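This is work-v3.pdb. It holds PDB, C-alpha atoms.
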ATOM      1  CA  MET A   1      13.475   8.395 -13.964
ATOM      2  CA  THR A   2      13.368   4.781 -12.731
ATOM      3  CA  PHE A   3       9.619   4.695 -12.012
ATOM      4  CA  THR A   4       7.927   2.502 -14.629
ATOM      5  CA  SER A   5       4.372   1.270 -15.034
ATOM      6  CA  GLU A   6       5.319  -2.337 -14.178
ATOM      7  CA  GLY A   7       7.667  -2.841 -11.287
ATOM      8  CA  PRO A   8       9.707  -5.968 -10.575
ATOM      9  CA  ALA A   9       8.200  -8.821  -8.577
ATOM     10  CA  LEU A  10       9.223  -8.500  -4.928
ATOM     11  CA  GLU A  11       9.304 -11.647  -2.804
ATOM     12  CA  GLY A  12       9.724 -12.322   0.891
ATOM     13  CA  SER A  13       9.006 -15.363   3.044
ATOM     14  CA  LEU A  14       5.255 -14.697   3.414
ATOM     15  CA  VAL A  15       4.205 -12.659   0.404
ATOM     16  CA  ARG A  16       5.165 -12.151  -3.223
ATOM     17  CA  LEU A  17       4.232  -8.838  -4.810
ATOM     18  CA  GLU A  18       3.464  -9.529  -8.463
ATOM     19  CA  PRO A  19       2.683  -6.883 -11.098
ATOM     20  CA  LEU A  20      -1.122  -6.715 -11.081
ATOM     21  CA  GLY A  21      -2.948  -8.294 -13.996
ATOM     22  CA  HIS A  22      -6.197  -9.979 -14.931
ATOM     23  CA  ARG A  23      -4.675 -13.350 -14.034
ATOM     24  CA  HIS A  24      -5.255 -12.293 -10.405
ATOM     25  CA  ALA A  25      -8.931 -11.420 -10.913
ATOM     26  CA  ALA A  26     -10.488 -14.699  -9.748
ATOM     27  CA  ASP A  27      -8.477 -14.786  -6.523
ATOM     28  CA  LEU A  28      -9.113 -11.109  -5.809
ATOM     29  CA  ALA A  29     -12.847 -11.547  -6.352
ATOM     30  CA  VAL A  30     -12.856 -14.137  -3.568
ATOM     31  CA  ALA A  31     -10.578 -12.074  -1.323
ATOM     32  CA  ALA A  32     -12.656  -8.913  -1.710
ATOM     33  CA  GLU A  33     -15.806 -10.538  -0.353
ATOM     34  CA  GLN A  34     -14.323 -11.715   2.954
ATOM     35  CA  ASP A  35     -15.861  -9.769   5.858
ATOM     36  CA  ARG A  36     -16.169  -6.413   4.139
ATOM     37  CA  GLU A  37     -16.778  -4.663   7.457
ATOM     38  CA  THR A  38     -12.998  -4.684   7.948
ATOM     39  CA  TYR A  39     -12.558  -2.354   4.942
ATOM     40  CA  ALA A  40     -14.755   0.496   6.229
ATOM     41  CA  TYR A  41     -12.962   3.487   4.689
ATOM     42  CA  THR A  42     -10.858   1.658   2.076
ATOM     43  CA  TRP A  43     -11.568   1.326  -1.647
ATOM     44  CA  VAL A  44     -12.072  -2.410  -2.188
ATOM     45  CA  PRO A  45     -14.037  -3.601  -5.230
ATOM     46  CA  ARG A  46     -16.925  -6.035  -5.007
ATOM     47  CA  ALA A  47     -16.305  -9.384  -6.694
ATOM     48  CA  ALA A  48     -18.164  -8.305  -9.832
ATOM     49  CA  GLU A  49     -16.099  -5.101 -10.009
ATOM     50  CA  VAL A  50     -12.632  -6.666  -9.834
ATOM     51  CA  GLY A  51     -12.123  -6.702 -13.618
ATOM     52  CA  ALA A  52     -12.953  -2.997 -13.879
ATOM     53  CA  TYR A  53     -10.791  -2.282 -10.814
ATOM     54  CA  ILE A  54      -7.799  -3.931 -12.469
ATOM     55  CA  ASP A  55      -8.479  -2.012 -15.707
ATOM     56  CA  ALA A  56      -8.548   1.268 -13.748
ATOM     57  CA  GLN A  57      -5.257   0.463 -12.007
ATOM     58  CA  LEU A  58      -3.597  -0.513 -15.278
ATOM     59  CA  ALA A  59      -4.818   2.753 -16.845
ATOM     60  CA  ARG A  60      -3.222   4.710 -13.994
ATOM     61  CA  ALA A  61      -0.055   2.700 -14.556
ATOM     62  CA  ALA A  62      -0.067   3.501 -18.275
ATOM     63  CA  ALA A  63      -0.351   7.190 -17.376
ATOM     64  CA  GLY A  64       2.808   6.924 -15.253
ATOM     65  CA  ARG A  65       1.062   7.484 -11.926
ATOM     66  CA  LEU A  66       1.023   3.983 -10.479
ATOM     67  CA  VAL A  67       2.911   0.696 -10.147
ATOM     68  CA  PRO A  68       0.190  -1.774  -9.052
ATOM     69  CA  TYR A  69       0.820  -5.113  -7.375
ATOM     70  CA  ALA A  70      -1.189  -8.156  -6.379
ATOM     71  CA  GLN A  71      -0.274  -9.440  -2.926
ATOM     72  CA  VAL A  72       0.145 -13.202  -3.292
ATOM     73  CA  SER A  73       0.282 -15.367  -0.183
ATOM     74  CA  LEU A  74       3.173 -17.797  -0.493
ATOM     75  CA  ALA A  75       1.357 -20.217   1.824
ATOM     76  CA  SER A  76      -1.654 -20.562  -0.482
ATOM     77  CA  GLY A  77      -0.317 -19.313  -3.818
ATOM     78  CA  ARG A  78      -3.400 -17.095  -4.124
ATOM     79  CA  ALA A  79      -3.720 -13.342  -4.536
ATOM     80  CA  VAL A  80      -5.179 -11.988  -1.290
ATOM     81  CA  GLY A  81      -5.105  -8.237  -1.939
ATOM     82  CA  THR A  82      -3.377  -5.406  -3.738
ATOM     83  CA  THR A  83      -0.933  -2.590  -3.059
ATOM     84  CA  SER A  84       0.855  -0.012  -5.208
ATOM     85  CA  TYR A  85       3.484   2.618  -5.589
ATOM     86  CA  TRP A  86       1.579   5.816  -6.326
ATOM     87  CA  GLU A  87       2.215   9.450  -7.309
ATOM     88  CA  PRO A  88       5.941   9.508  -8.176
ATOM     89  CA  ARG A  89       7.555  12.903  -7.663
ATOM     90  CA  SER A  90      10.786  14.273  -9.107
ATOM     91  CA  TRP A  91      11.713  17.638  -7.626
ATOM     92  CA  LEU A  92      15.466  17.998  -8.115
ATOM     93  CA  SER A  93      15.813  16.433 -11.552
ATOM     94  CA  GLU A  94      13.644  14.642 -14.092
ATOM     95  CA  ASP A  95      16.211  11.825 -13.979
ATOM     96  CA  ARG A  96      15.743  11.263 -10.239
ATOM     97  CA  LEU A  97      12.795   9.867  -8.301
ATOM     98  CA  ASP A  98      12.621  11.861  -5.067
ATOM     99  CA  ALA A  99       9.423  10.620  -3.456
ATOM    100  CA  VAL A 100       6.664   8.082  -3.908
ATOM    101  CA  GLU A 101       3.547   7.036  -2.025
ATOM    102  CA  VAL A 102       2.583   3.500  -1.034
ATOM    103  CA  GLY A 103      -1.164   3.163  -1.327
ATOM    104  CA  PHE A 104      -4.192   1.370  -2.817
ATOM    105  CA  THR A 105      -3.531  -1.313  -0.198
ATOM    106  CA  TRP A 106      -6.087  -3.866   0.933
ATOM    107  CA  LEU A 107      -6.007  -7.460   2.151
ATOM    108  CA  ALA A 108      -8.638 -10.147   2.519
ATOM    109  CA  ARG A 109      -9.819 -10.568   6.101
ATOM    110  CA  SER A 110      -8.078 -13.949   6.323
ATOM    111  CA  ALA A 111      -4.731 -12.320   5.429
ATOM    112  CA  GLN A 112      -4.995  -9.476   7.923
ATOM    113  CA  GLY A 113      -2.830  -9.850  11.022
ATOM    114  CA  THR A 114      -0.733 -12.607   9.459
ATOM    115  CA  GLY A 115       2.431 -10.595   8.809
ATOM    116  CA  LEU A 116       1.778 -10.190   5.080
ATOM    117  CA  ASN A 117       1.184  -6.454   5.395
ATOM    118  CA  THR A 118       4.360  -6.008   7.447
ATOM    119  CA  GLU A 119       6.469  -7.879   4.930
ATOM    120  CA  ALA A 120       4.858  -6.150   1.946
ATOM    121  CA  LYS A 121       5.737  -2.763   3.432
ATOM    122  CA  LEU A 122       9.302  -3.940   4.041
ATOM    123  CA  LEU A 123       9.633  -5.064   0.420
ATOM    124  CA  LEU A 124       8.124  -1.866  -0.991
ATOM    125  CA  PHE A 125      10.095   0.475   1.259
ATOM    126  CA  ARG A 126      13.357  -1.390   0.662
ATOM    127  CA  HIS A 127      12.987  -1.221  -3.123
ATOM    128  CA  ALA A 128      12.050   2.466  -3.008
ATOM    129  CA  PHE A 129      14.933   3.511  -0.755
ATOM    130  CA  GLU A 130      17.669   1.081  -1.761
ATOM    131  CA  ILE A 131      17.034   0.600  -5.490
ATOM    132  CA  TRP A 132      15.271   3.786  -6.575
ATOM    133  CA  GLY A 133      17.098   5.929  -4.019
ATOM    134  CA  VAL A 134      14.075   7.999  -2.998
ATOM    135  CA  SER A 135      14.292  10.549  -0.222
ATOM    136  CA  ARG A 136      10.766   9.939   1.039
ATOM    137  CA  VAL A 137       7.986   7.364   1.043
ATOM    138  CA  ASP A 138       4.584   8.551   2.190
ATOM    139  CA  LEU A 139       1.312   6.893   3.094
ATOM    140  CA  LYS A 140      -2.126   8.349   3.706
ATOM    141  CA  THR A 141      -5.482   7.113   4.927
ATOM    142  CA  ASP A 142      -8.864   8.416   5.974
ATOM    143  CA  ALA A 143      -8.260  10.220   9.253
ATOM    144  CA  ARG A 144     -11.133   8.222  10.812
ATOM    145  CA  ASN A 145      -9.629   4.863   9.844
ATOM    146  CA  SER A 146      -8.114   3.781  13.155
ATOM    147  CA  ARG A 147      -7.302   0.271  11.870
ATOM    148  CA  SER A 148      -5.316   1.601   8.917
ATOM    149  CA  ARG A 149      -3.602   4.272  11.003
ATOM    150  CA  ALA A 150      -2.491   1.700  13.565
ATOM    151  CA  ALA A 151      -1.073  -0.504  10.791
ATOM    152  CA  ILE A 152       0.833   2.431   9.283
ATOM    153  CA  GLU A 153       2.169   3.543  12.656
ATOM    154  CA  ALA A 154       3.351  -0.008  13.348
ATOM    155  CA  THR A 155       5.736   0.265  10.381
ATOM    156  CA  GLY A 156       7.550   3.144  12.058
ATOM    157  CA  ALA A 157       6.247   5.782   9.652
ATOM    158  CA  ARG A 158       5.956   9.228  11.229
ATOM    159  CA  PHE A 159       2.617  11.016  11.487
ATOM    160  CA  GLU A 160       2.776  14.422   9.805
ATOM    161  CA  GLY A 161      -0.752  15.706  10.302
ATOM    162  CA  VAL A 162      -4.228  15.729   8.826
ATOM    163  CA  LEU A 163      -5.004  17.426   5.522
ATOM    164  CA  ARG A 164      -8.634  18.511   5.503
ATOM    165  CA  ASN A 165     -10.926  17.759   2.547
ATOM    166  CA  TRP A 166      -7.885  16.223   0.895
ATOM    167  CA  SER A 167      -9.361  13.465  -1.231
ATOM    168  CA  ARG A 168     -12.454  11.501  -2.141
ATOM    169  CA  SER A 169     -14.144   9.517   0.615
ATOM    170  CA  TRP A 170     -14.457   5.780   0.049
ATOM    171  CA  ALA A 171     -16.666   5.197   3.100
ATOM    172  CA  PRO A 172     -20.035   3.554   2.400
ATOM    173  CA  GLY A 173     -22.768   6.122   1.834
ATOM    174  CA  GLU A 174     -20.323   8.982   1.267
ATOM    175  CA  ASP A 175     -20.260   9.133  -2.530
ATOM    176  CA  GLY A 176     -19.486  12.652  -3.681
ATOM    177  CA  ARG A 177     -17.991  13.684  -0.353
ATOM    178  CA  LEU A 178     -14.422  14.543   0.574
ATOM    179  CA  ARG A 179     -12.443  13.112   3.455
ATOM    180  CA  ASP A 180      -9.744  14.342   5.791
ATOM    181  CA  SER A 181      -6.510  12.404   5.179
ATOM    182  CA  ALA A 182      -3.945  11.449   7.816
ATOM    183  CA  ILE A 183      -0.453  11.707   6.303
ATOM    184  CA  TYR A 184       2.561   9.600   7.315
ATOM    185  CA  SER A 185       6.059   9.307   5.922
ATOM    186  CA  VAL A 186       9.439   7.638   6.172
ATOM    187  CA  THR A 187      12.509   9.573   5.016
ATOM    188  CA  ALA A 188      15.795   8.159   3.770
ATOM    189  CA  ALA A 189      17.447   9.092   7.064
ATOM    190  CA  GLU A 190      14.758   7.188   8.963
ATOM    191  CA  TRP A 191      14.779   4.148   6.709
ATOM    192  CA  PRO A 192      17.480   2.107   8.537
ATOM    193  CA  ALA A 193      15.557   2.313  11.831
ATOM    194  CA  CYS A 194      12.279   1.590  10.036
ATOM    195  CA  ARG A 195      13.842  -1.409   8.273
ATOM    196  CA  ASP A 196      15.127  -2.780  11.581
ATOM    197  CA  ARG A 197      11.683  -2.356  13.123
ATOM    198  CA  LEU A 198       9.940  -4.207  10.304
ATOM    199  CA  GLU A 199      12.529  -7.000  10.257
ATOM    200  CA  SER A 200      12.235  -7.377  14.042
ATOM    201  CA  ARG A 201       8.455  -7.675  13.809
ATOM    202  CA  LEU A 202       8.762 -10.374  11.153
ATOM    203  CA  ALA A 203      11.414 -12.234  13.188
ATOM    204  CA  ALA A 204       9.150 -12.097  16.247
ATOM    205  CA  ARG A 205       6.321 -13.596  14.221
ATOM    206  CA  ARG A 206       8.564 -16.462  13.077
ATOM    207  CA  THR A 207       9.441 -17.262  16.685
ATOM    208  CA  GLY A 208       5.819 -17.078  17.774
ATOM    209  CA  SER A 209       5.981 -13.742  19.592
ATOM    210  CA  ARG A 210       3.174 -11.190  19.329
ATOM    211  CA  VAL A 211       3.753  -8.510  16.624
TER     212      VAL A 211
END
Entire entry expressed as structure tokens:
Amino acid sequence: MTFTSEGPALEGSLVRLEPLGHRHAADLAVAAEQDRETYAYTWVPRAAEVGAYIDAQLARAAAGRLVPYAQVSLASGRAVGTTSYWEPRSWLSEDRLDAVEVGFTWLARSAQGTGLNTEAKLLLFRHAFEIWGVSRVDLKTDARNSRSRAAIEATGARFEGVLRNWSRSWAPGEDGRLRDSAIYSVTAAEWPACRDRLESRLAARRTGSRV
């Protein structure tokens, strides 16, 4: 199977996805404290927790469940968030990666709405479909998280439904509670249209159009 604990760096014109490491900790500590109200339902560490957060992600990677990335803004050269491949699945053969999730995604407030998220999704989806040859990429978020759902829908991913009590809630004050998760996906057959949509949104941003 081609899924490994450290993926290749993926670079576009706005963002470079670098394998996550403690070298990103100082930048991420700053990024994580920018207007935390925008995170709401998303797991984002406090500045003092970033080292432990990175350790936890690297442990998941060592267990074969995760390929974690720092999202590095090419404009500033600083890490402004994270994202990951998550939960690889091989159904037809142990030698083939059939599906993977894109998750553990967050961006500093200053990086939101800048096109970085759009380009990061393009880079991650392209590598999954065109290099790994997956049949499906899925994404999930708290069903109440309208901001995250809108961002996922903007990629062209298809809404599949809500799975009730599906995973831990990350909302403030909800420790020990479960959340309903909204599930989205892109299949290999849908990838060309999704790719065109993402590339068009990035091209519109370069020309100054609203995306």
How close does range 136-156 of chain A get to range 197-205 of chain A? List, as JSON lines, each residue of range 136-156 of chain A within 12 Å, its nearest atom pair and the distance in Å to one decimal, counting all atoms listed in the file.
{"residue": "A:Ala151", "atom": "CA", "partner": "A:Leu198", "partner_atom": "CA", "distance": 11.6}
{"residue": "A:Ile152", "atom": "CA", "partner": "A:Leu198", "partner_atom": "CA", "distance": 11.3}
{"residue": "A:Glu153", "atom": "CA", "partner": "A:Arg197", "partner_atom": "CA", "distance": 11.2}
{"residue": "A:Ala154", "atom": "CA", "partner": "A:Leu198", "partner_atom": "CA", "distance": 8.4}
{"residue": "A:Thr155", "atom": "CA", "partner": "A:Leu198", "partner_atom": "CA", "distance": 6.1}
{"residue": "A:Gly156", "atom": "CA", "partner": "A:Arg197", "partner_atom": "CA", "distance": 7.0}
So that I can see what lies close to Glu37 in chain A, please list as a ChimeraX atom specification the residues with an atom at most 12 Å from it, counting all atoms listed in the file and leaving out residues fewer than 2 positions away in the same chain.
/A:32-35,39-42,44,108-109,147,171-172
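Distances from A:Ser169, A:Ala61, A:Val72, A:Trp132 to Arg96 in chain A were compared using all atoms listed in the file, and the smallest one belongs to A:Trp132.
Ranking A:His127, A:Arg23, A:Arg46, A:Arg60 by their shortest atom-to-atom distance to Ala79 in chain A, with all atoms listed in the file included, puts A:Arg23 first.
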Expansion of the PyMOL selection byres ((chain A and resi 49) around 12) into residues, as a PyMOL selection string
chain A and resi 25-26+28-30+32-33+43-48+50-56
With C-alpha atoms kept, could you save the residues just selected as a CSV table (one decimal), keeping the file's coordinate frame?
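Output (part02.csv):
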chain,number,residue,atom,x,y,z
A,25,ALA,CA,-8.9,-11.4,-10.9
A,26,ALA,CA,-10.5,-14.7,-9.7
A,28,LEU,CA,-9.1,-11.1,-5.8
A,29,ALA,CA,-12.8,-11.5,-6.4
A,30,VAL,CA,-12.9,-14.1,-3.6
A,32,ALA,CA,-12.7,-8.9,-1.7
A,33,GLU,CA,-15.8,-10.5,-0.4
A,43,TRP,CA,-11.6,1.3,-1.6
A,44,VAL,CA,-12.1,-2.4,-2.2
A,45,PRO,CA,-14.0,-3.6,-5.2
A,46,ARG,CA,-16.9,-6.0,-5.0
A,47,ALA,CA,-16.3,-9.4,-6.7
A,48,ALA,CA,-18.2,-8.3,-9.8
A,50,VAL,CA,-12.6,-6.7,-9.8
A,51,GLY,CA,-12.1,-6.7,-13.6
A,52,ALA,CA,-13.0,-3.0,-13.9
A,53,TYR,CA,-10.8,-2.3,-10.8
A,54,ILE,CA,-7.8,-3.9,-12.5
A,55,ASP,CA,-8.5,-2.0,-15.7
A,56,ALA,CA,-8.5,1.3,-13.7
What gap, in Å, lies between CA of Asp196 in chain A and CA of Arg149 in chain A?
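Answer for the CA of Asp196 in chain A to CA of Arg149 in chain A separation: 20.0 Å.
For the pair CA of Asp138 in chain A and CA of Glu101 in chain A, the interatomic distance is 4.6 Å.
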Grab the CA of Val134 in chain A to CA of Leu97 in chain A distance for me, in Å with one decimal place.
5.8 Å
Nearest to Arg158 in chain A, chosen from A:Ile183, A:Leu10, A:Leu17, A:Ala63, with all atoms listed in the file counted in the distances
A:Ile183
Nearest to Trp91 in chain A among A:Asp175, A:Arg206, A:Ser135, A:Arg195, with distances taken over only C-alpha atoms: which residue is it?
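Closest to Trp91 in chain A, using only C-alpha atoms: A:Ser135.
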Reconstructed range 93-129 of chain A, atom set N, CA and C atoms, as a short mmCIF file (atom, residue, chain, number, x, y, z; two decimals), keeping the file's coordinate frame:
data_model
loop_
_atom_site.label_atom_id
_atom_site.label_comp_id
_atom_site.auth_asym_id
_atom_site.auth_seq_id
_atom_site.Cartn_x
_atom_site.Cartn_y
_atom_site.Cartn_z
N SER A 93 15.42 16.73 -10.18
CA SER A 93 15.81 16.43 -11.55
C SER A 93 14.81 15.46 -12.15
N GLU A 94 14.55 15.58 -13.43
CA GLU A 94 13.64 14.64 -14.09
C GLU A 94 14.22 13.24 -14.13
N ASP A 95 15.54 13.13 -13.95
CA ASP A 95 16.21 11.82 -13.98
C ASP A 95 16.21 11.14 -12.62
N ARG A 96 15.69 11.81 -11.59
CA ARG A 96 15.74 11.26 -10.24
C ARG A 96 14.34 11.17 -9.65
N LEU A 97 14.05 10.04 -9.02
CA LEU A 97 12.80 9.87 -8.30
C LEU A 97 13.03 10.26 -6.85
N ASP A 98 12.39 11.35 -6.41
CA ASP A 98 12.62 11.86 -5.07
C ASP A 98 11.65 11.33 -4.03
N ALA A 99 10.42 11.06 -4.43
CA ALA A 99 9.42 10.62 -3.46
C ALA A 99 8.36 9.79 -4.15
N VAL A 100 7.74 8.91 -3.39
CA VAL A 100 6.66 8.08 -3.91
C VAL A 100 5.76 7.71 -2.74
N GLU A 101 4.50 7.47 -3.04
CA GLU A 101 3.55 7.04 -2.02
C GLU A 101 3.32 5.53 -2.15
N VAL A 102 3.07 4.88 -1.03
CA VAL A 102 2.58 3.50 -1.03
C VAL A 102 1.10 3.56 -0.68
N GLY A 103 0.27 3.05 -1.56
CA GLY A 103 -1.16 3.16 -1.33
C GLY A 103 -1.96 2.12 -2.09
N PHE A 104 -3.28 2.33 -2.19
CA PHE A 104 -4.19 1.37 -2.82
C PHE A 104 -3.99 -0.03 -2.21
N THR A 105 -3.83 -0.06 -0.88
CA THR A 105 -3.53 -1.31 -0.20
C THR A 105 -4.78 -1.89 0.46
N TRP A 106 -5.06 -3.14 0.19
CA TRP A 106 -6.09 -3.87 0.93
C TRP A 106 -5.75 -5.34 0.94
N LEU A 107 -6.21 -6.03 1.99
CA LEU A 107 -6.01 -7.46 2.15
C LEU A 107 -7.31 -8.13 2.54
N ALA A 108 -7.50 -9.34 2.08
CA ALA A 108 -8.64 -10.15 2.52
C ALA A 108 -8.60 -10.29 4.04
N ARG A 109 -9.76 -10.44 4.64
CA ARG A 109 -9.82 -10.57 6.10
C ARG A 109 -8.92 -11.69 6.60
N SER A 110 -8.88 -12.81 5.88
CA SER A 110 -8.08 -13.95 6.32
C SER A 110 -6.58 -13.68 6.29
N ALA A 111 -6.16 -12.66 5.53
CA ALA A 111 -4.73 -12.32 5.43
C ALA A 111 -4.32 -11.20 6.38
N GLN A 112 -5.29 -10.56 6.99
CA GLN A 112 -5.00 -9.48 7.92
C GLN A 112 -4.44 -10.05 9.22
N GLY A 113 -3.42 -9.40 9.77
CA GLY A 113 -2.83 -9.85 11.02
C GLY A 113 -1.94 -11.07 10.90
N THR A 114 -1.56 -11.42 9.68
CA THR A 114 -0.73 -12.61 9.46
C THR A 114 0.73 -12.28 9.21
N GLY A 115 1.07 -11.00 9.13
CA GLY A 115 2.43 -10.60 8.81
C GLY A 115 2.62 -10.22 7.36
N LEU A 116 1.63 -10.52 6.50
CA LEU A 116 1.78 -10.19 5.08
C LEU A 116 1.92 -8.69 4.87
N ASN A 117 1.11 -7.90 5.57
CA ASN A 117 1.18 -6.45 5.40
C ASN A 117 2.54 -5.92 5.83
N THR A 118 3.05 -6.43 6.96
CA THR A 118 4.36 -6.01 7.45
C THR A 118 5.44 -6.30 6.42
N GLU A 119 5.43 -7.53 5.89
CA GLU A 119 6.47 -7.88 4.93
C GLU A 119 6.30 -7.13 3.61
N ALA A 120 5.07 -6.91 3.18
CA ALA A 120 4.86 -6.15 1.95
C ALA A 120 5.42 -4.74 2.08
N LYS A 121 5.19 -4.11 3.23
CA LYS A 121 5.74 -2.76 3.43
C LYS A 121 7.26 -2.80 3.42
N LEU A 122 7.84 -3.81 4.05
CA LEU A 122 9.30 -3.94 4.04
C LEU A 122 9.82 -4.06 2.62
N LEU A 123 9.19 -4.88 1.80
CA LEU A 123 9.63 -5.06 0.42
C LEU A 123 9.50 -3.78 -0.39
N LEU A 124 8.36 -3.10 -0.24
CA LEU A 124 8.12 -1.87 -0.99
C LEU A 124 9.06 -0.75 -0.55
N PHE A 125 9.21 -0.58 0.75
CA PHE A 125 10.10 0.48 1.26
C PHE A 125 11.54 0.19 0.84
N ARG A 126 11.97 -1.05 0.99
CA ARG A 126 13.36 -1.39 0.66
C ARG A 126 13.66 -1.09 -0.80
N HIS A 127 12.75 -1.48 -1.70
CA HIS A 127 12.99 -1.22 -3.12
C HIS A 127 13.02 0.28 -3.40
N ALA A 128 12.11 1.03 -2.77
CA ALA A 128 12.05 2.47 -3.01
C ALA A 128 13.32 3.16 -2.53
N PHE A 129 13.76 2.83 -1.32
CA PHE A 129 14.93 3.51 -0.76
C PHE A 129 16.25 2.98 -1.30
#
